[in-house]
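Undergrad: One file is attached below, query.txt, containing compact mmCIF, C-alpha atoms.
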# COMPACT_ATOMS: atom_id res chain seq x y z
CA ILE N 1 -32.10 39.83 -3.25
CA ASP N 2 -35.80 40.34 -3.99
CA ASP N 3 -34.99 42.04 -7.30
CA VAL N 4 -34.44 38.96 -9.45
CA VAL N 5 -33.16 40.03 -12.87
CA GLY N 6 -33.03 36.55 -14.39
CA VAL N 7 -31.18 33.23 -14.37
CA LEU N 8 -27.65 32.88 -15.72
CA ASN N 9 -26.31 29.47 -16.63
CA ILE N 10 -22.63 29.17 -15.78
CA LYS N 11 -21.88 27.57 -19.15
CA ASP N 12 -23.39 30.58 -20.94
CA PHE N 13 -21.38 32.91 -18.73
CA PHE N 14 -18.05 31.28 -19.62
CA ARG N 15 -19.04 31.19 -23.27
CA LEU N 16 -19.33 34.99 -23.14
CA ARG N 17 -16.70 35.64 -20.44
CA ASN N 18 -14.94 38.23 -22.61
CA ALA N 19 -18.15 40.13 -23.34
CA ASP N 20 -19.35 43.18 -21.42
CA ARG N 21 -22.11 43.16 -18.79
CA ASP N 22 -24.85 44.36 -21.14
CA THR N 23 -24.06 41.68 -23.71
CA ILE N 24 -24.11 38.94 -21.05
CA ILE N 25 -27.48 40.14 -19.68
CA ARG N 26 -28.94 40.41 -23.16
CA GLU N 27 -27.69 37.10 -24.60
CA ALA N 28 -27.09 34.78 -21.61
CA VAL N 29 -29.47 35.81 -18.80
CA LYS N 30 -32.86 34.12 -19.15
CA GLN N 31 -36.12 35.22 -17.59
CA ALA N 32 -36.76 33.62 -14.23
CA TYR N 33 -39.66 31.22 -13.74
CA PHE N 34 -41.55 32.41 -10.64
CA VAL N 35 -43.83 30.19 -8.57
CA PRO N 36 -45.80 30.87 -5.36
CA GLU N 37 -44.67 29.30 -2.09
CA GLY N 38 -47.95 27.41 -1.57
CA ILE N 39 -47.87 25.44 -4.83
CA HIS N 40 -47.97 21.64 -4.47
CA ALA N 41 -44.96 19.67 -5.60
CA ASP N 42 -46.85 17.48 -8.06
CA VAL N 43 -48.49 20.52 -9.67
CA LEU N 44 -45.18 22.35 -9.95
CA PHE N 45 -43.53 19.26 -11.40
CA ARG N 46 -46.11 19.05 -14.19
CA GLN N 47 -45.82 22.77 -14.89
CA MET N 48 -42.01 22.69 -15.09
CA LYS N 49 -42.16 19.59 -17.27
CA ASP N 50 -44.64 21.19 -19.68
CA THR N 51 -42.70 24.46 -19.88
CA LYS N 52 -39.32 22.68 -19.98
CA GLN N 53 -38.10 24.62 -16.96
CA HIS N 54 -35.46 23.09 -14.72
CA PHE N 55 -35.16 25.97 -12.29
CA ALA N 56 -37.83 28.07 -10.52
CA VAL N 57 -37.75 31.02 -8.12
CA VAL N 58 -40.17 30.73 -5.17
CA LEU N 59 -41.91 33.93 -4.00
CA ASP N 60 -43.77 34.57 -0.76
CA GLU N 61 -47.13 36.31 -0.47
CA TYR N 62 -45.43 39.72 -0.47
CA GLY N 63 -43.50 39.06 -3.65
CA GLY N 64 -40.20 38.53 -1.89
CA MET N 65 -37.84 35.73 -2.87
CA MET N 66 -37.96 32.71 -0.57
CA GLY N 67 -35.57 30.51 -2.48
CA ILE N 68 -35.22 28.32 -5.52
CA VAL N 69 -36.43 24.87 -6.51
CA THR N 70 -35.11 22.50 -9.19
CA MET N 71 -36.49 19.46 -10.96
CA ASN N 72 -34.15 17.31 -8.91
CA ASP N 73 -35.64 18.75 -5.69
CA LEU N 74 -39.14 17.90 -6.91
CA LEU N 75 -38.17 14.35 -7.86
CA GLN N 76 -36.75 13.79 -4.39
CA GLN N 77 -40.00 14.99 -2.85
CA LEU N 78 -42.14 12.82 -5.12
CA VAL N 79 -40.20 9.54 -5.36
CA GLY N 80 -37.65 9.71 -2.53
CA ASP N 81 -34.00 10.62 -2.12
CA LEU N 82 -32.04 10.47 -5.37
CA ALA N 83 -28.29 10.57 -5.75
CA ASP N 84 -27.08 13.65 -7.54
CA MET N 85 -26.18 12.89 -11.15
CA GLU N 86 -22.63 14.07 -10.57
CA THR N 87 -22.16 11.75 -7.58
CA ALA N 88 -24.19 8.83 -8.84
CA GLU N 89 -21.07 7.11 -10.11
CA GLN N 90 -19.83 4.60 -7.58
CA VAL N 91 -16.70 5.77 -5.80
CA GLU N 92 -13.92 3.19 -5.90
CA PRO N 93 -11.98 2.57 -2.69
CA GLU N 94 -8.52 4.08 -2.63
CA ILE N 95 -7.02 0.81 -1.31
CA GLU N 96 -8.64 -2.53 -2.13
CA GLN N 97 -7.11 -5.88 -1.20
CA ILE N 98 -7.42 -8.50 -3.96
CA ASP N 99 -5.74 -11.44 -2.25
CA GLU N 100 -3.27 -12.10 0.56
CA ASN N 101 -0.40 -10.17 -1.05
CA THR N 102 -2.08 -8.10 -3.81
CA TRP N 103 -3.81 -4.70 -3.67
CA GLU N 104 -5.44 -2.29 -6.12
CA ILE N 105 -4.32 1.19 -5.05
CA GLN N 106 -5.27 4.57 -6.46
CA GLY N 107 -2.61 7.20 -6.97
CA ILE N 108 -4.36 9.64 -4.62
CA ALA N 109 -4.25 7.20 -1.71
CA PRO N 110 -2.38 8.76 1.24
CA LEU N 111 1.00 7.11 1.67
CA GLY N 112 0.41 6.62 5.39
CA ASP N 113 -2.80 4.69 4.71
CA VAL N 114 -0.98 2.46 2.21
CA ALA N 115 1.80 1.73 4.70
CA GLU N 116 -0.77 0.82 7.36
CA ALA N 117 -2.85 -1.36 5.01
CA LEU N 118 0.20 -3.31 3.77
CA GLY N 119 1.92 -3.45 7.16
CA ILE N 120 5.21 -1.99 5.89
CA GLU N 121 7.27 1.15 6.40
CA LEU N 122 7.14 3.85 3.70
CA PRO N 123 8.69 7.38 3.62
CA VAL N 124 5.51 9.15 4.75
CA GLU N 125 7.54 12.18 5.83
CA LYS N 126 8.67 12.81 2.23
CA TYR N 127 5.54 12.04 0.17
CA ASP N 128 1.84 12.69 0.65
CA THR N 129 0.36 10.18 -1.81
CA PHE N 130 1.31 6.76 -3.09
CA GLY N 131 1.26 8.06 -6.67
CA GLY N 132 3.77 10.77 -5.80
CA TYR N 133 6.02 8.18 -4.16
CA VAL N 134 5.94 5.96 -7.26
CA PHE N 135 6.47 8.83 -9.74
CA SER N 136 9.41 10.16 -7.75
CA ASN N 137 11.15 6.79 -7.82
CA TYR N 138 10.31 6.15 -11.49
CA GLY N 139 12.07 9.38 -12.43
CA ILE N 140 9.97 10.44 -15.45
CA VAL N 141 6.34 11.25 -16.20
CA PRO N 142 4.98 8.72 -18.75
CA GLU N 143 2.44 9.59 -21.41
CA ASP N 144 -1.24 9.26 -20.60
CA GLY N 145 -2.60 5.79 -21.27
CA THR N 146 0.75 4.03 -20.87
CA GLU N 147 1.65 1.37 -18.33
CA PHE N 148 4.88 0.55 -16.54
CA GLU N 149 6.22 -1.65 -13.75
CA LEU N 150 8.54 -0.76 -10.91
CA GLU N 151 10.30 -2.64 -8.11
CA LEU N 152 10.37 -0.78 -4.79
CA GLU N 153 11.36 -3.44 -2.26
CA PRO N 154 9.32 -5.09 -0.86
CA LEU N 155 6.74 -3.99 -3.47
CA HIS N 156 6.26 -4.92 -7.12
CA ILE N 157 4.16 -2.11 -8.63
CA LYS N 158 2.35 -2.21 -11.97
CA VAL N 159 0.83 1.13 -12.99
CA THR N 160 -2.30 0.32 -15.00
CA GLU N 161 -3.81 3.77 -15.59
CA ILE N 162 -2.30 7.23 -16.13
CA ARG N 163 -4.52 10.24 -16.81
CA ASP N 164 -3.61 13.93 -17.02
CA HIS N 165 -0.03 13.00 -16.13
CA ARG N 166 -1.19 11.49 -12.85
CA ILE N 167 -1.22 7.89 -11.69
CA GLU N 168 -4.84 6.82 -11.36
CA LYS N 169 -4.52 3.15 -10.47
CA MET N 170 -1.89 0.54 -9.65
CA THR N 171 -1.68 -3.16 -8.90
CA VAL N 172 0.71 -3.70 -6.00
CA VAL N 173 2.16 -7.06 -4.95
CA LEU N 174 3.88 -7.42 -1.58
CA THR N 175 6.88 -9.72 -2.11
CA LEU N 176 7.69 -11.31 1.25
CA PRO N 177 10.94 -13.25 1.82
CA GLU N 178 10.50 -17.01 1.90
CA PRO N 179 10.56 -18.37 5.48
CA GLU N 180 13.59 -20.41 6.41
CA ASP N 181 13.05 -24.14 6.89
CA ASP N 182 13.86 -24.82 10.55
CA ASP N 183 13.92 -28.58 10.00
CA ASP N 184 16.59 -28.24 7.33
CA ASP N 185 18.63 -26.00 9.60
CA GLU N 186 18.42 -28.54 12.43
CA ASP N 187 19.45 -31.33 10.08
CA ASP N 188 22.41 -29.27 8.90
CA ASP N 189 23.41 -28.58 12.51
CA ASP N 190 23.20 -32.30 13.34
CA GLU N 191 25.35 -33.16 10.34
CA ASP N 192 27.91 -30.54 11.36
CA GLU N 193 28.01 -31.92 14.90
CA GLU N 194 28.38 -35.48 13.66
CA GLU N 195 31.13 -34.43 11.27
CA PHE N 196 32.90 -32.50 14.03
CA GLU N 197 32.60 -35.39 16.44
CA GLY N 198 33.87 -37.78 13.82
CA GLU N 199 36.95 -35.68 13.26
CA ILE N 200 37.71 -35.55 17.01
CA GLN N 201 37.52 -39.34 17.30
CA PHE N 202 40.53 -39.70 15.00
CA ILE N 203 42.71 -37.09 16.75
CA HIS N 204 45.17 -38.46 19.40
CA TYR N 205 48.17 -37.07 21.24
CA GLU N 206 51.36 -38.80 22.30
CA LEU N 207 53.73 -37.85 25.14
CA ASP N 208 56.61 -39.45 27.03
CA CYS N 209 56.05 -40.81 30.54
CA PRO N 210 58.24 -38.77 32.96
CA GLU N 211 58.84 -41.90 35.07
CA CYS N 212 59.95 -44.51 32.52
CA GLY N 213 60.19 -42.51 29.33
CA GLY N 214 57.71 -44.77 27.52
CA ALA N 215 55.33 -43.37 24.96
CA VAL N 216 51.81 -42.70 26.26
CA VAL N 217 48.98 -42.14 23.78
CA LEU N 218 46.16 -39.80 24.88
CA ASP N 219 42.74 -39.81 23.30
CA GLU N 220 39.74 -37.55 23.85
CA GLU N 221 38.32 -39.61 26.72
CA THR N 222 41.55 -39.68 28.74
CA ILE N 223 42.10 -35.96 28.15
CA GLN N 224 38.65 -35.23 29.56
CA GLN N 225 39.33 -37.48 32.61
CA GLY N 226 42.60 -35.66 33.30
CA VAL N 227 44.38 -38.85 34.49
CA ILE N 228 45.97 -41.74 32.60
CA THR N 229 47.98 -44.82 33.62
CA CYS N 230 51.26 -45.40 31.83
CA PRO N 231 51.00 -48.78 30.08
CA HIS N 232 54.74 -49.38 30.67
CA CYS N 233 55.25 -48.66 34.36
CA ASN N 234 51.62 -48.44 35.57
CA LYS N 235 52.24 -45.01 37.05
CA LYS N 236 49.21 -42.69 37.11
CA LEU N 237 49.90 -39.45 35.31
CA GLU N 238 47.95 -36.21 35.67
CA ILE N 239 47.24 -34.60 32.33
CA ASP N 240 47.70 -30.84 31.89
CA LEU N 241 45.50 -29.61 29.04
CA GLY N 242 48.13 -27.04 28.22
CA PHE N 243 50.75 -29.66 27.43
CA GLU N 244 52.60 -29.75 24.18
CA GLY N 245 52.28 -33.17 22.62
CA GLU N 246 52.69 -34.61 19.21
CA GLU N 247 49.47 -35.08 17.24
CA VAL N 248 49.25 -38.45 15.54
CA GLU N 249 46.56 -40.33 13.67
CA GLN N 250 45.52 -43.70 14.96
CA GLU N 251 44.05 -46.25 12.62
When written as structure tokens, how does the structure in this file appear?
TA:
Amino acid sequence: IDDVVGVLNIKDFFRLRNADRDTIIREAVKQAYFVPEGIHADVLFRQMKDTKQHFAVVLDEYGGMMGIVTMNDLLQQLVGDLADMETAEQVEPEIEQIDENTWEIQGIAPLGDVAEALGIELPVEKYDTFGGYVFSNYGIVPEDGTEFELELEPLHIKVTEIRDHRIEKMTVVLTLPEPEDDDDDEDDDDEDEEEFEGEIQFIHYELDCPECGGAVVLDEETIQQGVITCPHCNKKLEIDLGFEGEEVEQE
């Protein structure tokens, strides 16, 4: 490790990936920039800036390699912690709620997390990501840059971004069933009861008195009482609810 041959940039290596070792060392490997371990950060920063070096090899007092230092390392030491250029871009949340029933969801969002966030059941045992779930139900892989909409009850899904044949982002609306109006149901029940009661009030039964043979008309009230007096002979008659009488309408 102490025998540093040079510095090879990965881009140069892949540019010459089909070349032999000698060609790569000759054309792609650059001479290392060595610095002593005791050098101050501000001094090294100026030196690397003047020589346009972005990478230096640090040696100890015996000439052995202690490590490496980059311009980014020096900047962090001089001005504080800096986000790496590759991670400086703000990471968007995989699931972001827009309003009460609307979410922005990335295709890579785990299906279980989506089900939990939306409070619904989804086939988490069959799919890993929400994008895979949507693609499987859509049936085809659309071209990059296109958009499409899909109904997967209780979800209305609008795919807004497709890249490299993958769903990047979707707008998802949770369509909940409208709650039933209890007041209307109660009113309907009351109307049904009134209508039913009204029909009963006009239903009467007629039978013959076993004592005098006169006709006796029974209405709902007398049937419920179980006893009626014959209007012809004044004999009290017990009413059997299982009797067979003739149904008549009374004005």
Undergrad: Which polymer residues, whether protein, DNA or RNA, lie within 9 Å of the coordinate (-1.0, -8.0, -6.3) when you count only C-alpha atoms? List them as a list in words, using the chain letters and numbers from the file.
TA: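 Protein and nucleic acid residues near the point are Gln97, Ile98, Asp99, Glu100, Asn101, Thr102, Trp103, Glu104, His156, Ile157, Lys158, Thr171, Val172, Val173 and Leu174 of chain N.
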Undergrad: Save the residues we just selected, C-alpha atoms, as a PDB file, in the coordinates of the input?
TA:
ATOM      1  CA  GLN N  97      -7.110  -5.880  -1.200  1.00  0.00           C
ATOM      2  CA  ILE N  98      -7.420  -8.500  -3.960  1.00  0.00           C
ATOM      3  CA  ASP N  99      -5.740 -11.440  -2.250  1.00  0.00           C
ATOM      4  CA  GLU N 100      -3.270 -12.100   0.560  1.00  0.00           C
ATOM      5  CA  ASN N 101      -0.400 -10.170  -1.050  1.00  0.00           C
ATOM      6  CA  THR N 102      -2.080  -8.100  -3.810  1.00  0.00           C
ATOM      7  CA  TRP N 103      -3.810  -4.700  -3.670  1.00  0.00           C
ATOM      8  CA  GLU N 104      -5.440  -2.290  -6.120  1.00  0.00           C
ATOM      9  CA  HIS N 156       6.260  -4.920  -7.120  1.00  0.00           C
ATOM     10  CA  ILE N 157       4.160  -2.110  -8.630  1.00  0.00           C
ATOM     11  CA  LYS N 158       2.350  -2.210 -11.970  1.00  0.00           C
ATOM     12  CA  THR N 171      -1.680  -3.160  -8.900  1.00  0.00           C
ATOM     13  CA  VAL N 172       0.710  -3.700  -6.000  1.00  0.00           C
ATOM     14  CA  VAL N 173       2.160  -7.060  -4.950  1.00  0.00           C
ATOM     15  CA  LEU N 174       3.880  -7.420  -1.580  1.00  0.00           C
TER      16      LEU N 174
END
Undergrad: Quick one: everything within 7 Å of N:Glu168, counting all atoms listed in the file, minus sequence neighbours fewer than 4 positions away in the same chain. Send it as an mmCIF file with C-alpha atoms, keeping the file's coordinate frame.
TA:
data_model
loop_
_atom_site.group_PDB
_atom_site.id
_atom_site.type_symbol
_atom_site.label_atom_id
_atom_site.label_comp_id
_atom_site.auth_asym_id
_atom_site.auth_seq_id
_atom_site.Cartn_x
_atom_site.Cartn_y
_atom_site.Cartn_z
ATOM 1 C CA GLN N 106 -5.270 4.570 -6.460
ATOM 2 C CA GLY N 107 -2.610 7.200 -6.970
ATOM 3 C CA GLU N 161 -3.810 3.770 -15.590
ATOM 4 C CA ILE N 162 -2.300 7.230 -16.130
ATOM 5 C CA ARG N 163 -4.520 10.240 -16.810
#
Undergrad: What does the distance from atom CA of N:Tyr33 to atom CA of N:Arg21 come to in Å, to one decimal?
TA: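 Here the two named atoms are 21.8 Å from each other.
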Undergrad: If you measure from atom CA of N:Tyr62 to atom CA of N:Ile39, what distance in Å do you get, rounded to one decimal?
TA: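 Spanning atom CA of N:Tyr62 to atom CA of N:Ile39 is a straight-line distance of 15.1 Å.
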Undergrad: How many Å lie between atom CA of N:Val114 and atom CA of N:Asp164, rounded to one decimal?
TA: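 Distance between the two atoms: 22.5 Å.
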Undergrad: Excluding N:Asp12 and its own-chain neighbours fewer than 5 positions away, which residues fall within 10 Å of it when counting only C-alpha atoms? Please give them as a PDB file with C-alpha atoms, in the coordinates of the input.
TA:
ATOM      1  CA  ARG N  17     -16.700  35.640 -20.440  1.00  0.00           C
ATOM      2  CA  ILE N  24     -24.110  38.940 -21.050  1.00  0.00           C
ATOM      3  CA  GLU N  27     -27.690  37.100 -24.600  1.00  0.00           C
ATOM      4  CA  ALA N  28     -27.090  34.780 -21.610  1.00  0.00           C
ATOM      5  CA  VAL N  29     -29.470  35.810 -18.800  1.00  0.00           C
TER       6      VAL N  29
END
Undergrad: Env of N:Thr70: 8 Å cut, atoms = only C-alpha atoms, seq-sep filter 6 positions within chain, self excluded. Answer as a list in words.
TA: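 Non-adjacent residues within range: His54, Phe55 and Ala56 of chain N.
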Undergrad: Of the residues N:Leu59, N:Met65, N:Met71, N:Leu111, which is the one nearest to N:Asp42, using all atoms listed in the file?
TA: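 That would be N:Met71, the residue with the smallest distance to N:Asp42.
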Undergrad: For N:Asp60, which of N:Gly38, N:Tyr138, N:Asn9, N:His232 is the closest residue, counting all atoms listed in the file?
TA: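 Answer, going by the shortest atom-to-atom distance: N:Gly38.
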Undergrad: Can you take the partial stretch 113-134 of chain N, add N, CA and C atoms, and return it as a PDB file, in the frame of the given file?
TA:
ATOM      1  N   ASP N 113      -1.763   5.716   4.731  1.00  0.00           N
ATOM      2  CA  ASP N 113      -2.800   4.690   4.710  1.00  0.00           C
ATOM      3  C   ASP N 113      -2.310   3.431   4.003  1.00  0.00           C
ATOM      4  N   VAL N 114      -1.526   3.611   2.931  1.00  0.00           N
ATOM      5  CA  VAL N 114      -0.980   2.460   2.210  1.00  0.00           C
ATOM      6  C   VAL N 114      -0.016   1.679   3.110  1.00  0.00           C
ATOM      7  N   ALA N 115       0.843   2.393   3.807  1.00  0.00           N
ATOM      8  CA  ALA N 115       1.800   1.730   4.700  1.00  0.00           C
ATOM      9  C   ALA N 115       1.072   0.937   5.780  1.00  0.00           C
ATOM     10  N   GLU N 116      -0.008   1.506   6.307  1.00  0.00           N
ATOM     11  CA  GLU N 116      -0.770   0.820   7.360  1.00  0.00           C
ATOM     12  C   GLU N 116      -1.493  -0.397   6.803  1.00  0.00           C
ATOM     13  N   ALA N 117      -2.090  -0.260   5.597  1.00  0.00           N
ATOM     14  CA  ALA N 117      -2.850  -1.360   5.010  1.00  0.00           C
ATOM     15  C   ALA N 117      -1.933  -2.542   4.664  1.00  0.00           C
ATOM     16  N   LEU N 118      -0.721  -2.264   4.188  1.00  0.00           N
ATOM     17  CA  LEU N 118       0.200  -3.310   3.770  1.00  0.00           C
ATOM     18  C   LEU N 118       1.100  -3.781   4.910  1.00  0.00           C
ATOM     19  N   GLY N 119       1.100  -3.057   6.034  1.00  0.00           N
ATOM     20  CA  GLY N 119       1.920  -3.450   7.160  1.00  0.00           C
ATOM     21  C   GLY N 119       3.407  -3.289   6.923  1.00  0.00           C
ATOM     22  N   ILE N 120       3.796  -2.224   6.191  1.00  0.00           N
ATOM     23  CA  ILE N 120       5.210  -1.990   5.890  1.00  0.00           C
ATOM     24  C   ILE N 120       5.543  -0.538   6.211  1.00  0.00           C
ATOM     25  N   GLU N 121       6.834  -0.224   6.171  1.00  0.00           N
ATOM     26  CA  GLU N 121       7.270   1.150   6.400  1.00  0.00           C
ATOM     27  C   GLU N 121       7.505   1.832   5.050  1.00  0.00           C
ATOM     28  N   LEU N 122       6.966   3.047   4.898  1.00  0.00           N
ATOM     29  CA  LEU N 122       7.140   3.850   3.700  1.00  0.00           C
ATOM     30  C   LEU N 122       7.530   5.271   4.121  1.00  0.00           C
ATOM     31  N   PRO N 123       8.210   6.030   3.245  1.00  0.00           N
ATOM     32  CA  PRO N 123       8.690   7.380   3.620  1.00  0.00           C
ATOM     33  C   PRO N 123       7.558   8.401   3.660  1.00  0.00           C
ATOM     34  N   VAL N 124       6.684   8.278   4.655  1.00  0.00           N
ATOM     35  CA  VAL N 124       5.510   9.150   4.750  1.00  0.00           C
ATOM     36  C   VAL N 124       5.904  10.600   5.034  1.00  0.00           C
ATOM     37  N   GLU N 125       7.123  10.815   5.540  1.00  0.00           N
ATOM     38  CA  GLU N 125       7.540  12.180   5.830  1.00  0.00           C
ATOM     39  C   GLU N 125       7.983  12.910   4.559  1.00  0.00           C
ATOM     40  N   LYS N 126       8.206  12.186   3.466  1.00  0.00           N
ATOM     41  CA  LYS N 126       8.670  12.810   2.230  1.00  0.00           C
ATOM     42  C   LYS N 126       7.584  12.936   1.170  1.00  0.00           C
ATOM     43  N   TYR N 127       6.567  12.048   1.205  1.00  0.00           N
ATOM     44  CA  TYR N 127       5.540  12.040   0.170  1.00  0.00           C
ATOM     45  C   TYR N 127       4.158  12.007   0.804  1.00  0.00           C
ATOM     46  N   ASP N 128       3.213  12.667   0.155  1.00  0.00           N
ATOM     47  CA  ASP N 128       1.840  12.690   0.650  1.00  0.00           C
ATOM     48  C   ASP N 128       1.022  11.526   0.116  1.00  0.00           C
ATOM     49  N   THR N 129       1.180  11.215  -1.178  1.00  0.00           N
ATOM     50  CA  THR N 129       0.360  10.180  -1.810  1.00  0.00           C
ATOM     51  C   THR N 129       1.238   9.051  -2.327  1.00  0.00           C
ATOM     52  N   PHE N 130       0.589   7.911  -2.554  1.00  0.00           N
ATOM     53  CA  PHE N 130       1.310   6.760  -3.090  1.00  0.00           C
ATOM     54  C   PHE N 130       1.743   7.020  -4.529  1.00  0.00           C
ATOM     55  N   GLY N 131       0.901   7.727  -5.296  1.00  0.00           N
ATOM     56  CA  GLY N 131       1.260   8.060  -6.670  1.00  0.00           C
ATOM     57  C   GLY N 131       2.493   8.939  -6.739  1.00  0.00           C
ATOM     58  N   GLY N 132       2.591   9.922  -5.832  1.00  0.00           N
ATOM     59  CA  GLY N 132       3.770  10.770  -5.800  1.00  0.00           C
ATOM     60  C   GLY N 132       5.025   9.997  -5.452  1.00  0.00           C
ATOM     61  N   TYR N 133       4.894   9.030  -4.548  1.00  0.00           N
ATOM     62  CA  TYR N 133       6.020   8.180  -4.160  1.00  0.00           C
ATOM     63  C   TYR N 133       6.513   7.361  -5.350  1.00  0.00           C
ATOM     64  N   VAL N 134       5.568   6.790  -6.112  1.00  0.00           N
ATOM     65  CA  VAL N 134       5.940   5.960  -7.260  1.00  0.00           C
ATOM     66  C   VAL N 134       6.556   6.815  -8.360  1.00  0.00           C
TER      67      VAL N 134
END
